[in-house]
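File shown: coords_33.cif (mmCIF, C-alpha atoms and all ligand atoms).
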data_entry
loop_
_atom_site.group_PDB
_atom_site.id
_atom_site.type_symbol
_atom_site.label_atom_id
_atom_site.label_comp_id
_atom_site.auth_asym_id
_atom_site.auth_seq_id
_atom_site.Cartn_x
_atom_site.Cartn_y
_atom_site.Cartn_z
ATOM 1 C CA MET A 292 -2.913 13.545 21.325
ATOM 2 C CA ASN A 293 -5.661 11.389 22.774
ATOM 3 C CA ASN A 294 -8.704 9.856 21.197
ATOM 4 C CA GLU A 295 -11.071 12.700 21.917
ATOM 5 C CA LYS A 296 -12.029 12.666 18.259
ATOM 6 C CA ARG A 297 -13.292 9.136 18.759
ATOM 7 C CA PHE A 298 -11.385 7.531 15.940
ATOM 8 C CA ARG A 299 -12.220 3.897 15.302
ATOM 9 C CA LEU A 300 -9.670 3.137 12.586
ATOM 10 C CA ALA A 301 -5.989 4.076 12.369
ATOM 11 C CA LEU A 302 -4.290 3.513 9.008
ATOM 12 C CA LEU A 303 -0.629 3.061 9.892
ATOM 13 C CA ASP A 304 2.182 3.467 7.436
ATOM 14 C CA LEU A 305 5.007 1.016 8.158
ATOM 15 C CA ASP A 306 8.447 2.150 6.988
ATOM 16 C CA GLY A 307 9.403 5.364 8.739
ATOM 17 C CA THR A 308 6.364 5.185 10.996
ATOM 18 C CA LEU A 309 6.516 1.872 12.906
ATOM 19 C CA TRP A 310 9.972 0.759 11.810
ATOM 20 C CA ARG A 311 12.884 2.238 9.962
ATOM 21 C CA ASP A 312 15.388 0.151 8.009
ATOM 22 C CA GLY A 313 14.020 -2.937 9.753
ATOM 23 C CA VAL A 314 14.506 -1.487 13.263
ATOM 24 C CA VAL A 315 11.480 -0.712 15.401
ATOM 25 C CA ILE A 316 10.819 2.951 16.128
ATOM 26 C CA PRO A 317 10.939 3.452 19.909
ATOM 27 C CA GLY A 318 7.459 3.411 21.416
ATOM 28 C CA ALA A 319 5.739 1.890 18.379
ATOM 29 C CA PRO A 320 4.701 -1.438 20.009
ATOM 30 C CA ALA A 321 3.167 0.358 23.003
ATOM 31 C CA PHE A 322 1.442 2.830 20.670
ATOM 32 C CA VAL A 323 -0.285 -0.012 18.795
ATOM 33 C CA GLU A 324 -1.398 -1.513 22.108
ATOM 34 C CA ARG A 325 -2.792 1.877 23.218
ATOM 35 C CA LEU A 326 -4.849 2.031 20.037
ATOM 36 C CA ARG A 327 -6.359 -1.364 20.804
ATOM 37 C CA ARG A 328 -7.142 -0.437 24.405
ATOM 38 C CA GLN A 329 -8.870 2.740 23.220
ATOM 39 C CA GLY A 330 -11.054 0.844 20.765
ATOM 40 C CA VAL A 331 -9.175 2.013 17.667
ATOM 41 C CA GLN A 332 -8.575 -0.712 15.075
ATOM 42 C CA PRO A 333 -4.961 -0.550 13.882
ATOM 43 C CA VAL A 334 -4.565 -1.294 10.187
ATOM 44 C CA PHE A 335 -1.093 -1.850 8.801
ATOM 45 C CA PHE A 336 -1.493 0.115 5.622
ATOM 46 C CA THR A 337 1.311 -0.401 3.186
ATOM 47 C CA ASN A 338 2.136 0.648 -0.363
ATOM 48 C CA ASN A 339 4.529 -2.299 -0.562
ATOM 49 C CA SER A 340 2.844 -4.962 -2.685
ATOM 50 C CA SER A 341 5.668 -7.497 -2.401
ATOM 51 C CA ARG A 342 4.926 -8.996 1.006
ATOM 52 C CA THR A 343 1.870 -11.099 1.798
ATOM 53 C CA PRO A 344 -0.115 -10.111 4.918
ATOM 54 C CA ASP A 345 1.473 -13.053 6.782
ATOM 55 C CA GLU A 346 4.924 -11.796 5.832
ATOM 56 C CA VAL A 347 4.045 -8.300 7.084
ATOM 57 C CA VAL A 348 2.834 -9.806 10.378
ATOM 58 C CA ALA A 349 6.177 -11.613 10.702
ATOM 59 C CA VAL A 350 8.165 -8.386 10.200
ATOM 60 C CA LEU A 351 5.947 -6.604 12.717
ATOM 61 C CA ALA A 352 6.496 -9.456 15.194
ATOM 62 C CA LYS A 353 10.255 -8.963 14.893
ATOM 63 C CA CYS A 354 9.587 -5.371 15.926
ATOM 64 C CA ALA A 355 7.535 -6.645 18.920
ATOM 65 C CA ILE A 356 4.326 -5.328 17.337
ATOM 66 C CA GLN A 357 1.407 -7.735 17.612
ATOM 67 C CA ALA A 358 -0.739 -7.921 14.496
ATOM 68 C CA ALA A 359 -3.088 -10.299 12.722
ATOM 69 C CA ALA A 360 -3.044 -10.930 8.974
ATOM 70 C CA ASN A 361 -6.536 -9.450 8.560
ATOM 71 C CA GLU A 362 -5.241 -6.170 10.008
ATOM 72 C CA VAL A 363 -2.816 -5.798 7.107
ATOM 73 C CA CYS A 364 -4.053 -3.853 4.103
ATOM 74 C CA THR A 365 -1.795 -3.975 1.034
ATOM 75 C CA THR A 366 -1.897 -2.319 -2.359
ATOM 76 C CA ALA A 367 -1.867 -5.807 -3.894
ATOM 77 C CA GLN A 368 -5.188 -6.505 -2.166
ATOM 78 C CA ALA A 369 -6.553 -3.186 -3.392
ATOM 79 C CA ALA A 370 -5.454 -4.103 -6.930
ATOM 80 C CA ALA A 371 -7.242 -7.456 -6.670
ATOM 81 C CA HIS A 372 -10.345 -5.575 -5.501
ATOM 82 C CA VAL A 373 -10.233 -3.332 -8.589
ATOM 83 C CA LEU A 374 -10.084 -6.409 -10.795
ATOM 84 C CA GLN A 375 -12.997 -8.042 -8.972
ATOM 85 C CA GLN A 376 -15.131 -5.075 -9.940
ATOM 86 C CA ARG A 377 -14.167 -5.287 -13.603
ATOM 87 C CA LEU A 378 -13.728 -8.997 -14.349
ATOM 88 C CA TYR A 379 -15.532 -12.269 -13.916
ATOM 89 C CA LYS A 380 -14.440 -14.839 -11.344
ATOM 90 C CA GLY A 381 -11.616 -17.000 -12.624
ATOM 91 C CA ALA A 382 -10.428 -14.469 -15.207
ATOM 92 C CA SER A 383 -6.817 -14.707 -16.347
ATOM 93 C CA VAL A 384 -4.479 -12.128 -14.812
ATOM 94 C CA MET A 385 -0.829 -11.543 -15.689
ATOM 95 C CA TYR A 386 1.275 -9.882 -13.031
ATOM 96 C CA VAL A 387 4.648 -8.401 -12.310
ATOM 97 C CA GLY A 388 5.419 -8.706 -8.615
ATOM 98 C CA ARG A 389 6.231 -10.952 -5.696
ATOM 99 C CA ASP A 390 4.184 -13.262 -3.491
ATOM 100 C CA GLY A 391 2.112 -10.382 -2.126
ATOM 101 C CA VAL A 392 0.606 -9.748 -5.556
ATOM 102 C CA ARG A 393 0.288 -13.417 -6.439
ATOM 103 C CA THR A 394 -1.434 -14.299 -3.145
ATOM 104 C CA ALA A 395 -3.873 -11.382 -3.330
ATOM 105 C CA LEU A 396 -4.903 -12.365 -6.871
ATOM 106 C CA LEU A 397 -5.298 -16.040 -5.969
ATOM 107 C CA GLU A 398 -7.404 -15.138 -2.924
ATOM 108 C CA ALA A 399 -9.650 -13.135 -5.247
ATOM 109 C CA ASP A 400 -10.153 -16.305 -7.340
ATOM 110 C CA PHE A 401 -8.248 -15.264 -10.439
ATOM 111 C CA MET A 402 -6.049 -17.470 -12.587
ATOM 112 C CA VAL A 403 -2.611 -15.957 -12.336
ATOM 113 C CA ARG A 404 0.569 -16.035 -14.374
ATOM 114 C CA ARG A 405 3.772 -14.178 -13.663
ATOM 115 C CA ALA A 406 4.909 -12.130 -16.658
ATOM 116 C CA GLN A 407 7.844 -13.882 -18.274
ATOM 117 C CA GLY A 408 9.828 -12.885 -21.322
ATOM 118 C CA ASP A 409 9.847 -16.367 -22.842
ATOM 119 C CA ALA A 410 6.090 -16.000 -23.472
ATOM 120 C CA LEU A 411 6.728 -13.266 -26.050
ATOM 121 C CA GLY A 412 4.690 -14.037 -29.159
ATOM 122 C CA GLU A 413 2.788 -16.970 -27.609
ATOM 123 C CA ALA A 414 -0.879 -17.362 -28.528
ATOM 124 C CA TRP A 415 -2.147 -17.656 -24.945
ATOM 125 C CA LEU A 416 -1.235 -14.028 -24.296
ATOM 126 C CA GLN A 417 -4.399 -13.203 -26.261
ATOM 127 C CA ASP A 418 -6.430 -14.758 -23.447
ATOM 128 C CA VAL A 419 -5.037 -12.588 -20.656
ATOM 129 C CA ASP A 420 -7.877 -10.453 -19.232
ATOM 130 C CA ALA A 421 -5.913 -8.035 -17.056
ATOM 131 C CA VAL A 422 -2.441 -6.969 -15.956
ATOM 132 C CA VAL A 423 -1.281 -5.983 -12.467
ATOM 133 C CA VAL A 424 2.120 -4.368 -12.067
ATOM 134 C CA GLY A 425 3.932 -4.389 -8.731
ATOM 135 C CA MET A 426 7.610 -4.337 -7.761
ATOM 136 C CA ASP A 427 9.876 -7.245 -8.485
ATOM 137 C CA GLN A 428 13.580 -6.638 -8.710
ATOM 138 C CA ARG A 429 13.988 -9.848 -10.738
ATOM 139 C CA VAL A 430 12.004 -8.417 -13.649
ATOM 140 C CA THR A 431 13.759 -8.374 -17.028
ATOM 141 C CA TYR A 432 13.424 -6.268 -20.157
ATOM 142 C CA LEU A 433 11.672 -9.119 -21.981
ATOM 143 C CA ASP A 434 9.245 -9.635 -19.083
ATOM 144 C CA LEU A 435 8.249 -5.989 -19.455
ATOM 145 C CA ALA A 436 8.033 -6.397 -23.233
ATOM 146 C CA VAL A 437 5.440 -9.163 -22.780
ATOM 147 C CA VAL A 438 3.491 -7.029 -20.308
ATOM 148 C CA ALA A 439 3.618 -3.986 -22.589
ATOM 149 C CA ARG A 440 2.115 -5.899 -25.493
ATOM 150 C CA VAL A 441 -0.733 -7.215 -23.361
ATOM 151 C CA ILE A 442 -1.403 -3.760 -21.917
ATOM 152 C CA ALA A 443 -1.459 -2.230 -25.398
ATOM 153 C CA ARG A 444 -4.081 -4.788 -26.444
ATOM 154 C CA LEU A 445 -6.229 -4.365 -23.301
ATOM 155 C CA GLY A 446 -6.003 -0.578 -23.070
ATOM 156 C CA TRP A 447 -5.774 -0.623 -19.266
ATOM 157 C CA PHE A 448 -3.674 -1.969 -16.410
ATOM 158 C CA VAL A 449 -3.436 -1.716 -12.654
ATOM 159 C CA LEU A 450 -0.343 -0.338 -10.914
ATOM 160 C CA THR A 451 -0.203 -1.370 -7.260
ATOM 161 C CA ASN A 452 1.562 1.785 -6.123
ATOM 162 C CA PRO A 453 2.956 4.882 -7.767
ATOM 163 C CA ASP A 454 6.131 5.388 -5.680
ATOM 164 C CA VAL A 455 8.723 6.709 -8.111
ATOM 165 C CA ARG A 456 11.644 6.090 -5.764
ATOM 166 C CA LEU A 457 12.341 3.580 -3.020
ATOM 167 C CA PRO A 458 14.529 5.123 -0.340
ATOM 168 C CA VAL A 459 17.458 2.900 0.666
ATOM 169 C CA GLU A 460 20.323 3.513 3.028
ATOM 170 C CA ASP A 461 22.719 4.972 0.478
ATOM 171 C CA GLY A 462 20.211 6.728 -1.758
ATOM 172 C CA PHE A 463 17.292 5.347 -3.732
ATOM 173 C CA LEU A 464 16.166 2.667 -6.148
ATOM 174 C CA PRO A 465 13.636 3.229 -8.949
ATOM 175 C CA GLY A 466 10.209 2.369 -7.586
ATOM 176 C CA ASN A 467 7.054 0.868 -9.002
ATOM 177 C CA GLY A 468 5.919 4.236 -10.336
ATOM 178 C CA ALA A 469 9.057 4.373 -12.485
ATOM 179 C CA GLN A 470 8.331 0.880 -13.791
ATOM 180 C CA GLY A 471 4.743 1.939 -14.509
ATOM 181 C CA ALA A 472 6.035 5.003 -16.370
ATOM 182 C CA LEU A 473 8.086 2.784 -18.664
ATOM 183 C CA LEU A 474 4.992 0.725 -19.489
ATOM 184 C CA SER A 475 2.816 3.826 -19.910
ATOM 185 C CA THR A 476 5.337 5.405 -22.242
ATOM 186 C CA ALA A 477 5.626 2.248 -24.337
ATOM 187 C CA THR A 478 1.853 1.718 -24.607
ATOM 188 C CA GLY A 479 0.237 5.161 -24.242
ATOM 189 C CA VAL A 480 -1.956 3.675 -21.506
ATOM 190 C CA SER A 481 -2.219 5.341 -18.081
ATOM 191 C CA PRO A 482 -2.575 2.935 -15.157
ATOM 192 C CA ILE A 483 -5.303 2.596 -12.585
ATOM 193 C CA VAL A 484 -3.289 3.241 -9.410
ATOM 194 C CA THR A 485 -4.226 1.616 -6.117
ATOM 195 C CA GLY A 486 -1.571 2.844 -3.671
ATOM 196 C CA LYS A 487 -1.092 6.015 -1.621
ATOM 197 C CA PRO A 488 -1.532 8.897 -2.428
ATOM 198 C CA ASP A 489 -4.468 7.677 -4.497
ATOM 199 C CA PRO A 490 -7.535 8.090 -2.254
ATOM 200 C CA SER A 491 -8.994 4.846 -3.612
ATOM 201 C CA PHE A 492 -6.642 2.953 -1.291
ATOM 202 C CA ILE A 493 -8.220 4.645 1.744
ATOM 203 C CA ASP A 494 -11.705 4.056 0.326
ATOM 204 C CA PHE A 495 -10.812 0.376 -0.026
ATOM 205 C CA ALA A 496 -9.861 0.246 3.671
ATOM 206 C CA LEU A 497 -13.001 2.119 4.784
ATOM 207 C CA GLN A 498 -15.151 -0.361 2.918
ATOM 208 C CA ARG A 499 -13.208 -3.348 4.151
ATOM 209 C CA TYR A 500 -13.343 -2.339 7.827
ATOM 210 C CA GLN A 501 -16.784 -0.700 7.612
ATOM 211 C CA VAL A 502 -15.718 2.610 9.139
ATOM 212 C CA SER A 503 -16.560 6.185 8.097
ATOM 213 C CA ARG A 504 -14.095 8.878 7.015
ATOM 214 C CA GLU A 505 -14.780 10.874 10.156
ATOM 215 C CA GLU A 506 -13.796 7.921 12.332
ATOM 216 C CA THR A 507 -10.508 7.338 10.499
ATOM 217 C CA VAL A 508 -6.997 8.708 10.922
ATOM 218 C CA ILE A 509 -3.994 8.074 8.675
ATOM 219 C CA ILE A 510 -0.537 8.251 10.235
ATOM 220 C CA GLY A 511 2.658 8.291 8.179
ATOM 221 C CA ASP A 512 6.026 9.899 7.523
ATOM 222 C CA ASN A 513 5.601 10.885 3.884
ATOM 223 C CA LEU A 514 3.823 14.112 2.939
ATOM 224 C CA TYR A 515 3.439 13.077 -0.668
ATOM 225 C CA THR A 516 1.975 9.626 -0.054
ATOM 226 C CA ASP A 517 0.430 9.256 3.431
ATOM 227 C CA ILE A 518 -0.623 12.837 4.075
ATOM 228 C CA LEU A 519 -1.715 13.569 0.511
ATOM 229 C CA ALA A 520 -3.811 10.385 0.509
ATOM 230 C CA GLY A 521 -5.477 11.507 3.736
ATOM 231 C CA GLN A 522 -6.205 14.930 2.295
ATOM 232 C CA GLN A 523 -7.609 13.574 -0.932
ATOM 233 C CA ALA A 524 -9.815 11.099 0.918
ATOM 234 C CA SER A 525 -10.918 13.702 3.534
ATOM 235 C CA VAL A 526 -9.446 11.690 6.383
ATOM 236 C CA HIS A 527 -7.604 13.198 9.379
ATOM 237 C CA SER A 528 -3.849 12.987 8.809
ATOM 238 C CA ILE A 529 -0.924 12.919 11.218
ATOM 239 C CA MET A 530 2.645 13.287 9.984
ATOM 240 C CA VAL A 531 5.425 11.667 12.011
ATOM 241 C CA ARG A 532 8.990 12.923 11.767
ATOM 242 C CA SER A 533 10.502 9.504 12.465
ATOM 243 C CA GLY A 534 11.040 8.532 8.832
ATOM 244 C CA VAL A 535 12.492 9.920 5.691
ATOM 245 C CA VAL A 536 11.848 13.634 5.745
ATOM 246 C CA PHE A 537 11.887 15.304 2.360
ATOM 247 C CA PRO A 538 12.272 19.061 2.393
ATOM 248 C CA PRO A 539 8.685 20.145 1.718
ATOM 249 C CA ALA A 540 8.029 22.131 -1.441
ATOM 250 C CA ASP A 541 5.820 25.228 -1.365
ATOM 251 C CA ASP A 542 2.837 23.242 -2.568
ATOM 252 C CA ALA A 543 3.403 20.347 -0.152
ATOM 253 C CA PRO A 544 0.297 18.882 1.462
ATOM 254 C CA ILE A 545 -0.271 20.119 5.004
ATOM 255 C CA PRO A 546 -1.031 17.477 7.641
ATOM 256 C CA ASP A 547 -3.718 18.071 10.255
ATOM 257 C CA GLU A 548 -1.092 17.366 12.931
ATOM 258 C CA THR A 549 2.661 16.816 13.019
ATOM 259 C CA VAL A 550 4.488 14.941 15.794
ATOM 260 C CA ASP A 551 7.985 13.539 16.352
ATOM 261 C CA SER A 552 6.844 9.920 16.363
ATOM 262 C CA VAL A 553 3.927 7.615 17.197
ATOM 263 C CA ASP A 554 5.356 7.420 20.721
ATOM 264 C CA VAL A 555 3.481 10.611 21.658
ATOM 265 C CA LEU A 556 0.133 9.665 20.113
ATOM 266 C CA PHE A 557 -3.022 8.457 21.891
ATOM 267 C CA ARG A 558 -1.408 9.054 25.268
ATOM 268 C CA ASN A 559 -4.499 10.055 27.221
ATOM 269 C CA GLU A 560 -5.957 6.698 28.165
ATOM 270 C CA ALA A 561 -8.585 8.161 30.466
ATOM 271 C CA VAL A 562 -10.578 9.503 27.528
ATOM 272 C CA ASN A 563 -12.067 6.208 26.422
HETATM 273 MG MG MG A 601 6.730 5.573 5.187
#
Can you turn what I pasted into structure tokens?
Ligand SMILES: [Mg+2]
Amino acid sequence: MNNEKRFRLALLDLDGTLWRDGVVIPGAPAFVERLRRQGVQPVFFTNNSSRTPDEVVAVLAKCAIQAAANEVCTTAQAAAHVLQQRLYKGASVMYVGRDGVRTALLEADFMVRRAQGDALGEAWLQDVDAVVVGMDQRVTYLDLAVVARVIARLGWFVLTNPDVRLPVEDGFLPGNGAQGALLSTATGVSPIVTGKPDPSFIDFALQRYQVSREETVIIGDNLYTDILAGQQASVHSIMVRSGVVFPPADDAPIPDETVDSVDVLFRNEAVN
């Protein structure tokens, strides 16, 4: 595939698309450089809320992929954006998550506190204005109890990404969507979701990089996150077979294109 469609923005999934289990996918660094040469802005578009943009850049660098922090778009940033539209500057936000969530909230000028079980019953919980829930494997039952009570009082919360399972080498771990389901069940409150496949994540990127839907392509290995997000946001989608391939169900989303890996994409340099 070349850039005959004149894309200006490429939303790139990371795990399974540019790297897999921490190892670069062959051809990925050269692919990112081809995008740049053809005037396509690469955006490292990740559902993982744990890493800060600088941390993502460092992982990409280990894979020999050059990137700048402002080319990284995380679900933690999208969550902070949702809060900016609903809250005043300096509002008090409780979060579950790692540095990626904390940094995104601080950069959006919120006061932040990590949810901690020893706060259960404390008066200051009444002053929390919003809750953001991302992944943190250190989280305890009591941490979630504190969060659940605040969510029940507020009647809303933001979930950075809805992934129910995290694929790992020997199987899976429960993902942020599973954690969100626990909180939803306990409170009766459904979250505002910012990650793929929710199309709001793509809309956030379009606004941030000032590019239209027609000029945007999303590339990823997961039909039910990357490709479905593209479909729901009316953005061209390309599925790569270099990641975790789930056997597609009958109602699986259908990508606009399917290729073995990013190595074959944007090959015709003469076009631009
Ligand atoms: Mg992936």
task: Would you list the residues near (-8.1, -0.4, 14.7) (no more than 10 Å away, in the coordinates of the file, using all atoms listed in the file) as an NGL selection string?
output: :A and (298-303 or 323 or 326-335 or 362 or 500 or 502 or 507-508)
task: Could you tell me, counting only C-alpha atoms and all ligand atoms, which protein and nucleic acid residues lie no more than 6 Å from ligand MG 601 (chain A), written as a VMD selection string?
output: chain A and resid 304 to 308 511 to 513
- request: Pick out the residues sitting within 9 Å of Val392 in chain A, and hand them over as a PyMOL selection string; count all atoms listed in the file, and ignore anything fewer than 6 positions along from it in its own chain.
  value: chain A and resi 340-343+366-368+370-371+386+423-425+451
query: If you count all atoms listed in the file, which residues fall within 12 Å of range 464-479 of chain A, apart from same-chain ones fewer than 4 positions away, as a PyMOL selection string?
result: chain A and resi 338-341+366+387-388+422-428+430-432+434-460+483-488
Quick one: write out the picked residues with C-alpha atoms as an mmCIF file, keeping the file's coordinate frame?
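What follows is the written file again-v5.cif:
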data_model
loop_
_atom_site.group_PDB
_atom_site.id
_atom_site.type_symbol
_atom_site.label_atom_id
_atom_site.label_comp_id
_atom_site.auth_asym_id
_atom_site.auth_seq_id
_atom_site.Cartn_x
_atom_site.Cartn_y
_atom_site.Cartn_z
ATOM 1 C CA ASN A 338 2.136 0.648 -0.363
ATOM 2 C CA ASN A 339 4.529 -2.299 -0.562
ATOM 3 C CA SER A 340 2.844 -4.962 -2.685
ATOM 4 C CA SER A 341 5.668 -7.497 -2.401
ATOM 5 C CA THR A 366 -1.897 -2.319 -2.359
ATOM 6 C CA VAL A 387 4.648 -8.401 -12.310
ATOM 7 C CA GLY A 388 5.419 -8.706 -8.615
ATOM 8 C CA VAL A 422 -2.441 -6.969 -15.956
ATOM 9 C CA VAL A 423 -1.281 -5.983 -12.467
ATOM 10 C CA VAL A 424 2.120 -4.368 -12.067
ATOM 11 C CA GLY A 425 3.932 -4.389 -8.731
ATOM 12 C CA MET A 426 7.610 -4.337 -7.761
ATOM 13 C CA ASP A 427 9.876 -7.245 -8.485
ATOM 14 C CA GLN A 428 13.580 -6.638 -8.710
ATOM 15 C CA VAL A 430 12.004 -8.417 -13.649
ATOM 16 C CA THR A 431 13.759 -8.374 -17.028
ATOM 17 C CA TYR A 432 13.424 -6.268 -20.157
ATOM 18 C CA ASP A 434 9.245 -9.635 -19.083
ATOM 19 C CA LEU A 435 8.249 -5.989 -19.455
ATOM 20 C CA ALA A 436 8.033 -6.397 -23.233
ATOM 21 C CA VAL A 437 5.440 -9.163 -22.780
ATOM 22 C CA VAL A 438 3.491 -7.029 -20.308
ATOM 23 C CA ALA A 439 3.618 -3.986 -22.589
ATOM 24 C CA ARG A 440 2.115 -5.899 -25.493
ATOM 25 C CA VAL A 441 -0.733 -7.215 -23.361
ATOM 26 C CA ILE A 442 -1.403 -3.760 -21.917
ATOM 27 C CA ALA A 443 -1.459 -2.230 -25.398
ATOM 28 C CA ARG A 444 -4.081 -4.788 -26.444
ATOM 29 C CA LEU A 445 -6.229 -4.365 -23.301
ATOM 30 C CA GLY A 446 -6.003 -0.578 -23.070
ATOM 31 C CA TRP A 447 -5.774 -0.623 -19.266
ATOM 32 C CA PHE A 448 -3.674 -1.969 -16.410
ATOM 33 C CA VAL A 449 -3.436 -1.716 -12.654
ATOM 34 C CA LEU A 450 -0.343 -0.338 -10.914
ATOM 35 C CA THR A 451 -0.203 -1.370 -7.260
ATOM 36 C CA ASN A 452 1.562 1.785 -6.123
ATOM 37 C CA PRO A 453 2.956 4.882 -7.767
ATOM 38 C CA ASP A 454 6.131 5.388 -5.680
ATOM 39 C CA VAL A 455 8.723 6.709 -8.111
ATOM 40 C CA ARG A 456 11.644 6.090 -5.764
ATOM 41 C CA LEU A 457 12.341 3.580 -3.020
ATOM 42 C CA PRO A 458 14.529 5.123 -0.340
ATOM 43 C CA VAL A 459 17.458 2.900 0.666
ATOM 44 C CA GLU A 460 20.323 3.513 3.028
ATOM 45 C CA ILE A 483 -5.303 2.596 -12.585
ATOM 46 C CA VAL A 484 -3.289 3.241 -9.410
ATOM 47 C CA THR A 485 -4.226 1.616 -6.117
ATOM 48 C CA GLY A 486 -1.571 2.844 -3.671
ATOM 49 C CA LYS A 487 -1.092 6.015 -1.621
ATOM 50 C CA PRO A 488 -1.532 8.897 -2.428
#
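Remark: for Gly408 in chain A, the closest of the candidate residues A:Leu433, A:Ala321, A:Met385, A:Ile518 is A:Leu433 (distances computed over all atoms listed in the file).
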- prompt: Where does the PyMOL selection byres (((chain A and resi 539-550) around 6) and not hetatm) land in this file, that is, which residues does it pick, as a ChimeraX atom specification?
  reply: /A:518-519,528-531,537-538,551-552
task: Do a neighbour search on Pro320 in chain A at 9 Å with all atoms listed in the file, toss out local chain neighbours closer than 6 positions, and write the hits as an MDAnalysis selection string.
output: chainID A and resid 309 354:357 554
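Counting all atoms listed in the file, the residue from A:Ala496, A:Met402, A:Val347, A:Ala382 that sits nearest to Asp420 in chain A is A:Ala382.
Between CA of Asp400 in chain A and CA of Gln375 in chain A the interatomic distance comes to 8.9 Å.
Within the file as shown, the PyMOL selection byres (((chain A and resi 504) around 9) and not hetatm) identifies Ile493, Asp494, Leu497, Val502, Ser503, Glu505, Glu506, Thr507, Val508, Ala524, Ser525, Val526 and His527 of chain A.
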query: What does the PyMOL selection byres (((chain A and resi 490) around 6) and not hetatm) select in this file, as a PyMOL selection string?
result: chain A and resi 489+491-493+520+523-524
- line: Expressed in Å, the length from CA of Gly521 in chain A to CA of Ile509 in chain A is 6.2 Å
